[in-house]
Every structure is written in structure tokens, then in C-alpha cells.
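Visitor: Provided herewith is a single structure, encoded as C-alpha cells, for subsequent inquiry.
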Amino acid sequence: MTKSAPKKRMGPKRSKSAAPLEYVVFISHSSSNAWIAHQIAKEITALGARPWLDKKDLAGGDVILEEIMRGIRACNEAIVLVSSKSAKSQWVVLEIGAVSVLQKRVTPILNNVSPEALAPMKGIKAIDLNDFDDFLVQLKARMTQASQSKKRKRR
Amino acid sequence: MAYRVFISSISKDIELARDLAQRLENAGAKVFPVEKSATSGERIETSFNRGLREADEVVVILTNNSVNSPGLLSEMGAAYSLGKRVTPVALGVDYNDLPQSINRENYIRWSDLPMYISSLEKRALGSILTELESSDPYVRNNAYIRIQRDFDVGSPLPVKLKEALLSRVADDGIPTGMSPNAYDGERRKALQCLYREGNWNLSKELLSIWLNTSCGLKLSQVMIAFFGEPSNAQGFDYILETLHSAVGIPATTLRDLLSVIETHHSLNRTLPIKQVPAIRRIAKEYAEHENLEVQEIAKRILNILNLD
């Protein structure tokens with residue numbers, strides 16, 4: 001799976017031996033959240049996972065849907081940064097749908113916005129940006145689990 | 001495989017969805033029932049319809065009701081990430097209100113539908129139409145097999161396909177280099193494909209072709225089709241009645257009917273005969289027939305019917 005992951009501009013250089021165990025986290029955000037998104041990416045890198053920032057804002061406002069879908073297909077899980085501006089945005093909703101249909105975990109991260117601002121959804125729990133450290137702990141646990149099950153499969 | 005289309009819509013737009021489904025089905029697509037696919041649209045979808053996963057393409061109905069609907073947008077995202085061919089169709093939505101994700105060049109207007117539908121028709125019917133026109137009998141045969149496999153019994157055939165099949169059934173003389181047997185055999189195959197519709201009007205239409213030609217179609221084949229697919233009951237009943245009142249049921253046909261019924265009876269299968277009242281009526285009448293052989297067969301049919 002990770003073999004087909006395209007070249008990315010973000011994230012650490014990976015060593016060859018670590019590559020098959022790479023855990024990719026897709027980060028969806030809007031331009032108003034760009035700085036926070038990059039901080040999140042740093043935290044995720046420090047944890048040993050590979051962040052994949054969506055390119056909504058990188059392509060100069062011209063959104064390349066297929067790029068985003070590629071990231072969503074390549075990731076192990078996704079987070080969607082939600083601000084008061086983007087809570088009702090078409091993108092946030094579209095991306096949540098795109099991730100969950102692939103049966104991957106998607107976590108909306110609320111930046112200064114109440115959970116009620118998002119449309120209701122089943123089986124998805126949003127967390128507050130201030131609780132991001134808790135999320136990182138859980139993420140680490142999922143990464144360990146994923147790498148163990150991969151090792152087991154290879155045996 | 002039949003070509004499957006999933007229409008993504010919200011329940012407020014169900015009438016549009018129904019209209020679209022009808023048009024797509026006429027073009028040869030198998031549309032997932034819109035009553036099941038329409039979402040209320042209020043909540044973000046996180047689990048999705050099997051129809052969406054199995055679809056070969058997805059059409060999204062965008063109206064002012066749905067353009068900001070979380071249900072519709074999340075479903076659209078799902079269709080994209082599943083790698084489907086997605087065609088958003090906008091009706092009455094202002095250009096600037098369209099989701100940015102569409103890139104505003106990737107969508108069509110409701111008035112552009114005929115163009116989309118004719119391109120869909122090509123994808124849905126694939127090469128079947130060209131195969132039907134082939135001069136190679138093996139290629140044509142392949143088309144008949146695909147039709148039998150891909151189109152459900154009891155649902156209408158695409159208009160273009162139906163036209164092509166009807167022209168195959170019509171008797172316009174044996175082409176040079178073809179044996180009369182092969183010619184009859186092919187007309188029979190085309191007729192069997194058409195019969196899959198199980199449609200009352202079509203049965204009537206076909207029946208007139210059948211009665212006016214000597215292509216040697218056997219009622220037993222229709223019977224077997226019926227016993228395999230009880231949903232054909234109405235068409236079968238109609239054929240029996242019409243044949244009976246037009247030319248009478250020949251002894252050989254009656255014998256065929258008996259043997260099919262006997263086989264099913266000996267296998268302890270419940271016979272779907274009750275839905276074909278013509279069988280009992282005809283058997284009763286022929287039990288009084290002057291020909292003793294016919295009488296005998298009719299009585300045996302009645303016996304089994306009374307046992308069942």
C-alpha cells in the first residue's frame with residue numbers, strides 16, 4: 001500500500017527499512033487554519049507518522065479534487081480541522097464522507113467551534129483542538145497496533 | 001455485468017430522481033432504486049449504501065435544496081474516493097453556489113442530460129449493439145448470451161436494444177449462406193431475449209410475430225422460462241390463452257406442458273401454476289377432446305394440478 005503513495009512535499013524523509021510500516025495521517029484544513037495544520041503536521045511527524053496535508057490551498061486556490069482523493073486513499077486515518085468558518089463548508093462534509101466510505105477513521109478537530117456547528121453524524125466523535133494531546137496518545141496506540149498487525153501478516 | 005448507476009439525491013428531490021432513473025434505465029443502465037438511495041440530507045453520511053459501492057457510475061442531483069446538504073455532499077465525497085465516475089447534474093442552482101469540489105467544469109446542467117444519456121448508453125450497452133449487427137454468427141450468439149445474463153427478467157429492455165432484437169426476430173428472408181435451421185434458431189434466441197421483459201404488451205407483439213411466422217418456436221421454451229422465473233406468469237398466461245383461442249394448443253405442446261409439470265412435481269417443487277389460470281382452464285376443456293390422446297394428456301395434467 002505504501003509503495004503506491006505518491007511523492008509528497010511535506011513530511012520527513014523516510015528510511016527504506018521504515019517505509020512499509022509508515023502510518024499516514026491525512027490532514028484536511030482551510031487557509032484560515034494553515035498555521036495550525038502545519039503545527040499538527042509537526043506533532044504527527046514527531047510521533048513517527050507521516051502527515052499528508054491536503055492541497056486545497058497549495059494549488060493557488062484552484063482545488064484539485066483528485067489530489068485530495070489520492071491522499072484520502074493513501075492514508076491510514078484522517079483529521080479534518082474545523083473552524084467556525086469551515087464548519088458548514090462543503091469541503092469538510094465531502095471529505096468526511098470520502099474518508100468514512102473507505103472505512104477509515106476520521107476525526108474532526110474543532111478549533112474554537114462547538115461540536116453542534118457540524119451537521120450531525122453517526123459514529124464519528126469530534127475533539128476540541130485543546131485536547132489534541134489526548135488524540136496524539138490514541139494515535140500512537142493505533143500506530144503501534146497497526147505496525148504489529150502488519151508484522152504479523154508478513155510472517 | 002449489467003451497467004449499474006447510483007443516483008445520489010435527497011428525498012425532497014425524489015421526483016427528479018425518479019424521472020432521471022427512468023431515462024437512464026431506458027438507455028440500458030440498471031439504476032439502484034431511488035427510494036432507497038435518496039437521503040434525508042440533514043446528517044453527514046458515514047455508512048453508505050451498498051448500491052453506491054457497487055455502482056459503475058454515480059449521478060448527483062444538485063438543486064437549491066441539496067447543494068448544501070451534508071447528506072448529499074458526504075455521499076458525493078464517498079463516490080469520489082471510491083473512484084467512481086461522478087456526474088453532478090445541476091438544476092436551477094446558481095453557478096457560484098455549486099460546490100467548489102466540482103471545479104465548476106465537471107458538472108452538467110439538467111438540459112445537458114440528453115448528451116450525457118447518449119454517452120451513458122454507449123457505456124451501458126457496451127459492444128452488445130455492434131455484436132448484434134455482426135456478420136459473424138458466433139459474435140451475434142455472444143450478444144444473445146450477454147443479454148440473457150445482464151438484463152433481469154421482468155424489467156424493460158433498453159429501447160435501442162429492443163429495436164435491434166425486434167429487427168432480428170422479423171422475418172426478412174434467409175440471408176445467403178445461412179441454413180434455414182440456423183436462421184430459425186437465431187430468431188428464436190432473439191425472441192427469448194425479448195421475452196425476458198415478461199411484459200404484457202411485448203408478449204402480444206411477439207406473439208403476433210410468432211403466430212405469423214413459421215420459425216418453429218416452441219412453447220416449451222417459454223414454459224421453461226416461466227417455471228424458472230415465476231414472475232413471467234402473466235405473460236405466460238397471456239400466451240397460452242391467445243394461442244389457445246387463435247389456433248388451439250397442439251398435442252405436442254400439451255405434451256410438453258405435461259412433461260414440464262411432471263418434472264417439477266416429481267422434484268417436489270411447488271408449482272407456480274396458480275398464477276397461470278389458463279393451464280387449468282385449457283386442461284379442463286381438452287379433457288373432453290375428441291382425440292383420445294389429447295384427452296389422456298389433459299387428464300394427466302388435471303390430476304397433477306389437483307394433487308398439488
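In the C-alpha cells, each chain is lettered A, B, ... as it comes, each chain's residues begin at 1, and ligands are numbered from 1 in order of appearance.
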What lies within 7 Å of range 136-143 of chain A using only C-alpha atoms, ignoring chain neighbours under 4 positions off, as a ChimeraX atom specification?

Guide: /A:23,47,132,147

Visitor: Please report as a ChimeraX atom specification which residues of chain B come no farther than 8 Å from chain A, using only C-alpha atoms.

Guide: /B:42-48,68,70,73-82,99-103

Visitor: Can you list, as a PDB file with C-alpha atoms, in the first residue's frame, all residues belonging to range 97-129 of chain A that DSSP tags as strand (DSSP E)?

Guide:
```
ATOM      1  CA  ARG A 105     -11.102   6.675  10.983  1.00  0.00           C
ATOM      2  CA  VAL A 106     -11.805  10.374  10.541  1.00  0.00           C
ATOM      3  CA  THR A 107     -11.556  12.819  13.434  1.00  0.00           C
ATOM      4  CA  PRO A 108     -12.907  16.355  13.146  1.00  0.00           C
ATOM      5  CA  ILE A 109     -10.761  18.683  15.240  1.00  0.00           C
ATOM      6  CA  LEU A 110     -12.673  21.693  16.428  1.00  0.00           C
ATOM      7  CA  ASN A 111     -10.822  24.981  16.519  1.00  0.00           C
ATOM      8  CA  ILE A 127     -12.477  16.538  19.555  1.00  0.00           C
ATOM      9  CA  ASP A 128     -11.521  20.003  20.649  1.00  0.00           C
TER      10      ASP A 128
END
```

Visitor: Taking 2 positions as the minimum chain separation for residues in the same chain, which residues sit within 8 Å of Gln275 in chain B when counting only C-alpha atoms? Answer as a PyMOL selection string.

Guide: chain B and resi 233-234+237+272-273+277

Visitor: Taking N, CA and C atoms for each residue, export the selection above as a compact mmCIF listing (two decimals), in the first residue's frame.

Guide:
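Produced file part26.txt, reproduced below:
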```txt
# COMPACT_ATOMS: atom_id res chain seq x y z
N ALA B 233 -45.34 -15.13 -15.04
CA ALA B 233 -46.66 -15.76 -15.05
C ALA B 233 -47.66 -15.05 -15.95
N GLN B 234 -47.73 -13.74 -15.81
CA GLN B 234 -48.75 -13.00 -16.56
C GLN B 234 -48.55 -13.16 -18.07
N ASP B 237 -49.39 -16.79 -19.12
CA ASP B 237 -50.83 -16.98 -19.13
C ASP B 237 -51.43 -16.38 -20.40
N PRO B 272 -45.75 -22.94 -9.60
CA PRO B 272 -46.33 -21.59 -9.63
C PRO B 272 -47.52 -21.53 -10.59
N ILE B 273 -48.26 -22.64 -10.66
CA ILE B 273 -49.30 -22.74 -11.67
C ILE B 273 -50.52 -21.90 -11.35
N PRO B 277 -53.90 -19.24 -14.62
CA PRO B 277 -55.19 -19.92 -14.65
C PRO B 277 -55.46 -20.60 -15.99
```

Visitor: List the spatial neighbours of range 63-65 of chain B as a VMD selection string - criterion: any atom at most 7 Å away, only C-alpha atoms, same-chain residues fewer than 5 positions off excluded.

Guide: chain B and resid 90 to 93

Visitor: Go ahead and save the residues from that selection, with N, CA and C atoms, as a PDB file, in the first residue's frame.

Guide:
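Result went into again-v9.pdb, see below:
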```pdb
ATOM      1  N   ALA B  90     -26.845  19.781 -12.353  1.00  0.00           N
ATOM      2  CA  ALA B  90     -27.392  20.923 -11.623  1.00  0.00           C
ATOM      3  C   ALA B  90     -28.689  21.397 -12.273  1.00  0.00           C
ATOM      4  N   LEU B  91     -29.664  21.668 -11.420  1.00  0.00           N
ATOM      5  CA  LEU B  91     -30.933  22.203 -11.908  1.00  0.00           C
ATOM      6  C   LEU B  91     -31.292  23.428 -11.072  1.00  0.00           C
ATOM      7  N   GLY B  92     -31.268  24.582 -11.698  1.00  0.00           N
ATOM      8  CA  GLY B  92     -31.678  25.819 -11.032  1.00  0.00           C
ATOM      9  C   GLY B  92     -30.694  26.335  -9.988  1.00  0.00           C
ATOM     10  N   VAL B  93     -29.478  25.784  -9.965  1.00  0.00           N
ATOM     11  CA  VAL B  93     -28.500  26.259  -8.982  1.00  0.00           C
ATOM     12  C   VAL B  93     -27.619  27.328  -9.621  1.00  0.00           C
TER      13      VAL B  93
END
```

Visitor: Extract, using only C-alpha atoms, all DNA, RNA and protein residues at most 8 Å from Glu121 in chain B, discarding same-chain residues fewer than 5 positions from it, and format them as a VMD selection string.

Guide: chain B and resid 27 to 29 126

Visitor: Print the selection's residues with C-alpha atoms to a file, as a PDB file, in the first residue's frame.

Guide:
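What follows is the written file result-v6.pdb:
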```pdb
ATOM      1  CA  ALA B  27     -30.684   3.854 -22.007  1.00  0.00           C
ATOM      2  CA  GLY B  28     -29.721   0.449 -20.662  1.00  0.00           C
ATOM      3  CA  ALA B  29     -28.446   1.230 -17.159  1.00  0.00           C
ATOM      4  CA  GLY B 126     -21.105  -1.586 -24.469  1.00  0.00           C
TER       5      GLY B 126
END
```

Visitor: If we count only C-alpha atoms and set the cut-off at 7 Å, which residues sit around Phe26 in chain A, ignoring sequence neighbours fewer than 6 positions away in its own chain? Please answer as a count of residues only.

Guide: 9

Visitor: Expressed in Å to a single decimal, how great is the separation between CA of Ser155 in chain B and CA of Tyr3 in chain B?

Guide: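 According to the coordinates, CA of Ser155 in chain B and CA of Tyr3 in chain B are separated by 14.1 Å.
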